[in-house]
Amino acid sequence: MTHSASTNRIEAMVKLTSDFVKIPSITGSERAMSEHVSSLMREIGMKVSFDEAGPGRRNVLGHLKGSSGSPALIVNGHIDVVPPGDASRWSVDPFGAVVKDGRLYGRGSADMKGGLASVLTAIKSIVDSGAKLKGDLIVEAVVDEEAGGRAGTGRLTIDNPVKGDYVVIAEPTDLELQTAHKGDLGVEIRIEGHSAHAATPEMGINAVHKMVALANQILDIPRRNQWEKRVHPLLGPPYITISVIEGGLQRNIIPDRCKIVVDRRTVPKTESLEVAKKEIDSVIQEAQSEDPTLKVSYNPILEIEAMETDQQEPIVRAMVDAYAQATGAQVKVSGLRGFCDAHYYSRNLGMPVVIFGPGRLQQAHSADEYVEISQLVTATEVYKQLITRLLT
Ligand SMILES: [Zn+2]
């Protein structure tokens with residue numbers, strides 16, 4: 001039996017992704033994966049450097065220098081994965097990289113070792129073809145994304161910034177081109193009252209009652225600020241959610257403490273973290289001026305700015321063209337309702353960034369996570385076209 005060249009290429013691609021999946025690089029324990037990726041980068045002809053993110057944790061940078069050094073394309077992929085969770089919910093070994101019915105199963109197969117494997121396969125094929133690059137290509141294989149990315153992409157945009165002209169993040173998008181993601185402001189609000197016997201409530205200050213009133217004002221923020229005018233074409237409306245409420249001790253005690261946690265999802269352009277903070281701030285100020293006994297404190301616990309890259313940016317045009325050339329079809333442009341590391345590039349370095357990769361978001365973090373092998377193949381071809389288009 002003979003194997004065609006394309007069958008061999010697909011087998012090599014599956015092997016590379018399987019090798020990644022078999023390394024259980026759960027956030028914080030990425031060392032073996034960093035080593036594996038760096039030796040693979042060297043093997044395909046890239047120069048490797050490291051950014052030390054902490055004990056045993058390294059961000060890996062693979063460089064392919066072009067003759068003119070411009071433009072520079074950064075491709076980002078995180079090497080950490082979330083834990084597999086309850087083993088009984090898996091029908092396969094989470095780190096076994098089982099291949100079945102055109103799918104490769106395992107933790108990280110979709111999120112996002114398949115994307116990183118596709119990127120490196122595309123680069124290998126460009127290098128092997130003998131094509132010479134004019135611009136620079138930098139692959140950033142980062143740690144810590146699943147814990148917020150501060151030690152990963154955060155370090156490469158803040159502490160040890162690597163500048164480039166465009167960024168592609170190979171997170172799973174089901175091969176859609178995502179040009180925007182929402183922001184996320186997390187705020188903790190505490191009210192302090194005064195405890196008393198519930199039979200003599202006038203002796204105390206009921207923190208829960210005060211929080212109920214304040215919470216209702218917070219939930220009225222969308223109406224007060226006409227959020228219906230902020231619906232984003234790719235991301236939909238902003239959201240505000242009270243996701244935690246805690247307070248009180250027992251039935252017959254006037255509660256002296258109450259806490260809520262607010263999750264505020266912002267859309268790009270029409271609002272920012274600053275706007276979102278001010279909206280909450282003004283509700284609190286108003287409540288305080290109406291009630292001098294109100295003792296309220298609040299502090300942000302998460303600040304992720306929304307991201308949007310203009311459709312006219314060269315990286316978006318190049319992705320659209322690369323996809324058309326690789327597949328003969330038009331790429332679907334969409335937005336990410338959650339967020340990924342993209343905001344680090346746009347906020348800290350002002351770089352245009354897009355997200356494109358194999359695998360579906362609903363597979364990420366779930367039991368029996370898988371990536372379709374056909375998507376790995378298509379993504380590889382799209383990355384290859386993209387790199388060729390931008391850098392040769
Ligand atoms: Zn991911």
# chains A, B, ... in the order shown; residues from 1 in each chain; ligands from 1
call {"tool": "closest_atom_pairs", "arguments": {"of": "segment 134-211 of chain A", "to": "segment 65-77 of chain A", "cutoff": "7 Å", "atoms": "only C-alpha atoms", "output": "JSON lines"}}
result
{"residue": "A:Lys134", "atom": "CA", "partner": "A:Gly66", "partner_atom": "CA", "distance": 4.2}
{"residue": "A:Gly135", "atom": "CA", "partner": "A:Ser70", "partner_atom": "CA", "distance": 4.3}
{"residue": "A:Asp136", "atom": "CA", "partner": "A:Ala72", "partner_atom": "CA", "distance": 4.5}
{"residue": "A:Leu137", "atom": "CA", "partner": "A:Leu73", "partner_atom": "CA", "distance": 5.0}
{"residue": "A:Ile138", "atom": "CA", "partner": "A:Ile74", "partner_atom": "CA", "distance": 4.8}
{"residue": "A:Val139", "atom": "CA", "partner": "A:Val75", "partner_atom": "CA", "distance": 4.8}
{"residue": "A:Glu140", "atom": "CA", "partner": "A:Asn76", "partner_atom": "CA", "distance": 4.8}
{"residue": "A:Ala141", "atom": "CA", "partner": "A:Gly77", "partner_atom": "CA", "distance": 5.0}
{"residue": "A:Val142", "atom": "CA", "partner": "A:Gly77", "partner_atom": "CA", "distance": 6.2}
{"residue": "A:Gly164", "atom": "CA", "partner": "A:Ala72", "partner_atom": "CA", "distance": 4.8}
{"residue": "A:Asp165", "atom": "CA", "partner": "A:Ala72", "partner_atom": "CA", "distance": 5.3}
{"residue": "A:Tyr166", "atom": "CA", "partner": "A:Leu73", "partner_atom": "CA", "distance": 5.1}
{"residue": "A:Val167", "atom": "CA", "partner": "A:Ile74", "partner_atom": "CA", "distance": 4.7}
{"residue": "A:Val168", "atom": "CA", "partner": "A:Val75", "partner_atom": "CA", "distance": 4.9}
{"residue": "A:Ile169", "atom": "CA", "partner": "A:Asn76", "partner_atom": "CA", "distance": 4.7}
{"residue": "A:Ala170", "atom": "CA", "partner": "A:Gly77", "partner_atom": "CA", "distance": 5.7}
{"residue": "A:Glu171", "atom": "CA", "partner": "A:Gly77", "partner_atom": "CA", "distance": 6.9}
call {"tool": "closest_atom_pairs", "arguments": {"of": "chain A", "to": "ligand 1", "cutoff": "8 Å", "atoms": "only C-alpha atoms and all ligand atoms", "output": "JSON lines"}}
result
{"residue": "A:Gly77", "atom": "CA", "partner": "ligand 1", "partner_atom_place_in_ligand_line": "1 (Zn)", "distance": 8.0}
{"residue": "A:His78", "atom": "CA", "partner": "ligand 1", "partner_atom_place_in_ligand_line": "1 (Zn)", "distance": 6.6}
{"residue": "A:Val81", "atom": "CA", "partner": "ligand 1", "partner_atom_place_in_ligand_line": "1 (Zn)", "distance": 7.6}
{"residue": "A:Asp111", "atom": "CA", "partner": "ligand 1", "partner_atom_place_in_ligand_line": "1 (Zn)", "distance": 4.5}
{"residue": "A:Met112", "atom": "CA", "partner": "ligand 1", "partner_atom_place_in_ligand_line": "1 (Zn)", "distance": 5.3}
{"residue": "A:Glu145", "atom": "CA", "partner": "ligand 1", "partner_atom_place_in_ligand_line": "1 (Zn)", "distance": 6.8}
{"residue": "A:Glu146", "atom": "CA", "partner": "ligand 1", "partner_atom_place_in_ligand_line": "1 (Zn)", "distance": 6.8}
{"residue": "A:Glu171", "atom": "CA", "partner": "ligand 1", "partner_atom_place_in_ligand_line": "1 (Zn)", "distance": 5.3}
{"residue": "A:Pro172", "atom": "CA", "partner": "ligand 1", "partner_atom_place_in_ligand_line": "1 (Zn)", "distance": 7.0}
{"residue": "A:Cys340", "atom": "CA", "partner": "ligand 1", "partner_atom_place_in_ligand_line": "1 (Zn)", "distance": 6.9}
{"residue": "A:Ala364", "atom": "CA", "partner": "ligand 1", "partner_atom_place_in_ligand_line": "1 (Zn)", "distance": 7.3}
call {"tool": "residues_around", "arguments": {"residues": "Val143 of chain A", "least_positions_apart": "4", "cutoff": "6 Å", "atoms": "only C-alpha atoms", "output": "JSON list (two decimals) with C-alpha atoms, in the first residue's frame"}}
result
[["chain", "number", "residue", "atom", "x", "y", "z"],
["A", 59, "ASN", "CA", 7.30, 31.39, 27.79],
["A", 78, "HIS", "CA", -0.99, 29.07, 25.05],
["A", 79, "ILE", "CA", 0.59, 25.78, 26.09],
["A", 80, "ASP", "CA", -1.32, 25.35, 29.35],
["A", 152, "GLY", "CA", 2.20, 34.48, 29.89]]
call {"tool": "atom_distance", "arguments": {"atom1": "atom CA of Gly335 of chain A", "atom2": "atom CA of Gln375 of chain A"}}
result
19.2 Å
call {"tool": "residues_around", "arguments": {"residues": "Val371 of chain A", "least_positions_apart": "3", "cutoff": "6 Å", "atoms": "only C-alpha atoms", "output": "ChimeraX atom specification"}}
result
/A:103-104,109-110,359
call {"tool": "select_by_dssp", "arguments": {"residues": "segment 76-285 of chain A", "states": "strand (DSSP E)", "output": "VMD selection string"}}
result
chain A and resid 76 to 78 99 to 100 103 to 105 136 to 142 166 to 169 177 to 181 183 to 192 196 to 197 239 to 247 253 to 254 257 to 266
call {"tool": "residues_around", "arguments": {"residues": "segment 324-326 of chain A", "least_positions_apart": "3", "cutoff": "12 Å", "atoms": "only C-alpha atoms", "output": "PyMOL selection string"}}
result
chain A and resi 175+177+317-321+329-332+375+377-386+388-389
call {"tool": "closest_residue", "arguments": {"among": "A:Val267, A:Val60, A:Ala213, A:Leu249", "to": "Ala32 of chain A", "atoms": "only C-alpha atoms"}}
result
A:Val60
call {"tool": "residues_around", "arguments": {"residues": "Leu294 of chain A", "least_positions_apart": "5", "cutoff": "8 Å", "atoms": "only C-alpha atoms", "output": "PDB file with C-alpha atoms, in the first residue's frame"}}
result
ATOM      1  CA  ILE A 191     -21.805  46.941  52.987  1.00  0.00           C
ATOM      2  CA  GLU A 192     -21.114  47.175  56.670  1.00  0.00           C
ATOM      3  CA  GLY A 193     -24.015  47.562  59.112  1.00  0.00           C
ATOM      4  CA  LYS A 210     -29.256  48.112  52.366  1.00  0.00           C
ATOM      5  CA  ALA A 287     -27.004  55.849  47.375  1.00  0.00           C
ATOM      6  CA  GLN A 288     -24.505  57.304  49.860  1.00  0.00           C
TER       7      GLN A 288
END
call {"tool": "closest_atom_pairs", "arguments": {"of": "segment 118-196 of chain A", "to": "segment 295-302 of chain A", "cutoff": "6 Å", "atoms": "only C-alpha atoms", "output": "CSV"}}
result
residue,atom,partner,partner_atom,distance
A:Leu185,CA,A:Leu302,CA,5.4
A:Gly186,CA,A:Leu302,CA,4.6
A:Val187,CA,A:Pro300,CA,4.3
A:Glu188,CA,A:Asn299,CA,5.5
A:Ile189,CA,A:Tyr298,CA,4.3
A:Arg190,CA,A:Ser297,CA,5.3
A:Ile191,CA,A:Val296,CA,4.5
A:Glu192,CA,A:Lys295,CA,5.4
call {"tool": "residues_around", "arguments": {"residues": "Arg107 of chain A", "least_positions_apart": "2", "cutoff": "10 Å", "atoms": "only C-alpha atoms", "output": "VMD selection string"}}
result
chain A and resid 20 to 26 81 to 85 93 to 97 105 109 to 113 363 to 370
call {"tool": "closest_residue", "arguments": {"among": "A:Asn252, A:Ser125, A:Thr327, A:Gln217", "to": "Glu286 of chain A", "atoms": "only C-alpha atoms"}}
result
A:Gln217
call {"tool": "closest_residue", "arguments": {"among": "A:Ala196, A:Ala147, A:Ile373, A:Ile387", "to": "Gln250 of chain A", "atoms": "only C-alpha atoms"}}
result
A:Ala196
call {"tool": "atom_distance", "arguments": {"atom1": "atom CA of Phe356 of chain A", "atom2": "atom CA of Asp341 of chain A"}}
result
12.7 Å
call {"tool": "select_by_dssp", "arguments": {"residues": "segment 162-213 of chain A", "states": "helix (DSSP H, G or I)", "output": "ChimeraX atom specification"}}
result
/A:201-203,207-213
call {"tool": "atom_distance", "arguments": {"atom1": "atom CA of Lys100 of chain A", "atom2": "atom CA of Val14 of chain A"}}
result
11.6 Å
call {"tool": "decode", "arguments": {"residues": "segment 286-299 of chain A", "atoms": "N, CA, C and O atoms", "output": "compact mmCIF listing (two decimals), in the first residue's frame"}}
result
# COMPACT_ATOMS: atom_id res chain seq x y z
N GLU A 286 -24.62 58.01 44.67
CA GLU A 286 -25.99 58.47 44.81
C GLU A 286 -26.63 57.86 46.06
O GLU A 286 -27.28 58.56 46.84
N ALA A 287 -26.43 56.55 46.21
CA ALA A 287 -27.00 55.85 47.37
C ALA A 287 -26.44 56.42 48.67
O ALA A 287 -27.16 56.59 49.66
N GLN A 288 -25.14 56.75 48.66
CA GLN A 288 -24.50 57.30 49.86
C GLN A 288 -25.04 58.69 50.19
O GLN A 288 -25.23 59.03 51.36
N SER A 289 -25.30 59.48 49.16
CA SER A 289 -25.78 60.83 49.44
C SER A 289 -27.23 60.78 49.94
O SER A 289 -27.66 61.65 50.69
N GLU A 290 -27.98 59.75 49.55
CA GLU A 290 -29.36 59.63 50.02
C GLU A 290 -29.45 58.99 51.41
O GLU A 290 -30.45 59.15 52.10
N ASP A 291 -28.41 58.23 51.77
CA ASP A 291 -28.44 57.50 53.05
C ASP A 291 -27.09 57.66 53.77
O ASP A 291 -26.15 56.91 53.53
N PRO A 292 -27.01 58.63 54.68
CA PRO A 292 -25.73 58.91 55.36
C PRO A 292 -25.24 57.73 56.21
O PRO A 292 -24.07 57.66 56.55
N THR A 293 -26.13 56.77 56.58
CA THR A 293 -25.69 55.63 57.39
C THR A 293 -25.09 54.51 56.55
O THR A 293 -24.62 53.50 57.07
N LEU A 294 -25.14 54.66 55.23
CA LEU A 294 -24.66 53.60 54.34
C LEU A 294 -23.13 53.55 54.34
O LEU A 294 -22.46 54.49 53.92
N LYS A 295 -22.58 52.41 54.82
CA LYS A 295 -21.12 52.23 54.80
C LYS A 295 -20.81 51.20 53.72
O LYS A 295 -21.01 50.00 53.92
N VAL A 296 -20.35 51.68 52.58
CA VAL A 296 -20.12 50.78 51.46
C VAL A 296 -18.70 50.93 50.95
O VAL A 296 -18.16 52.03 50.91
N SER A 297 -18.08 49.81 50.61
CA SER A 297 -16.75 49.86 49.99
C SER A 297 -16.78 48.95 48.77
O SER A 297 -17.56 48.00 48.72
N TYR A 298 -15.98 49.27 47.80
CA TYR A 298 -15.95 48.39 46.63
C TYR A 298 -14.57 48.40 46.02
O TYR A 298 -13.85 49.39 46.09
N ASN A 299 -14.20 47.26 45.43
CA ASN A 299 -12.91 47.19 44.75
C ASN A 299 -12.98 46.24 43.56
O ASN A 299 -13.66 45.21 43.62
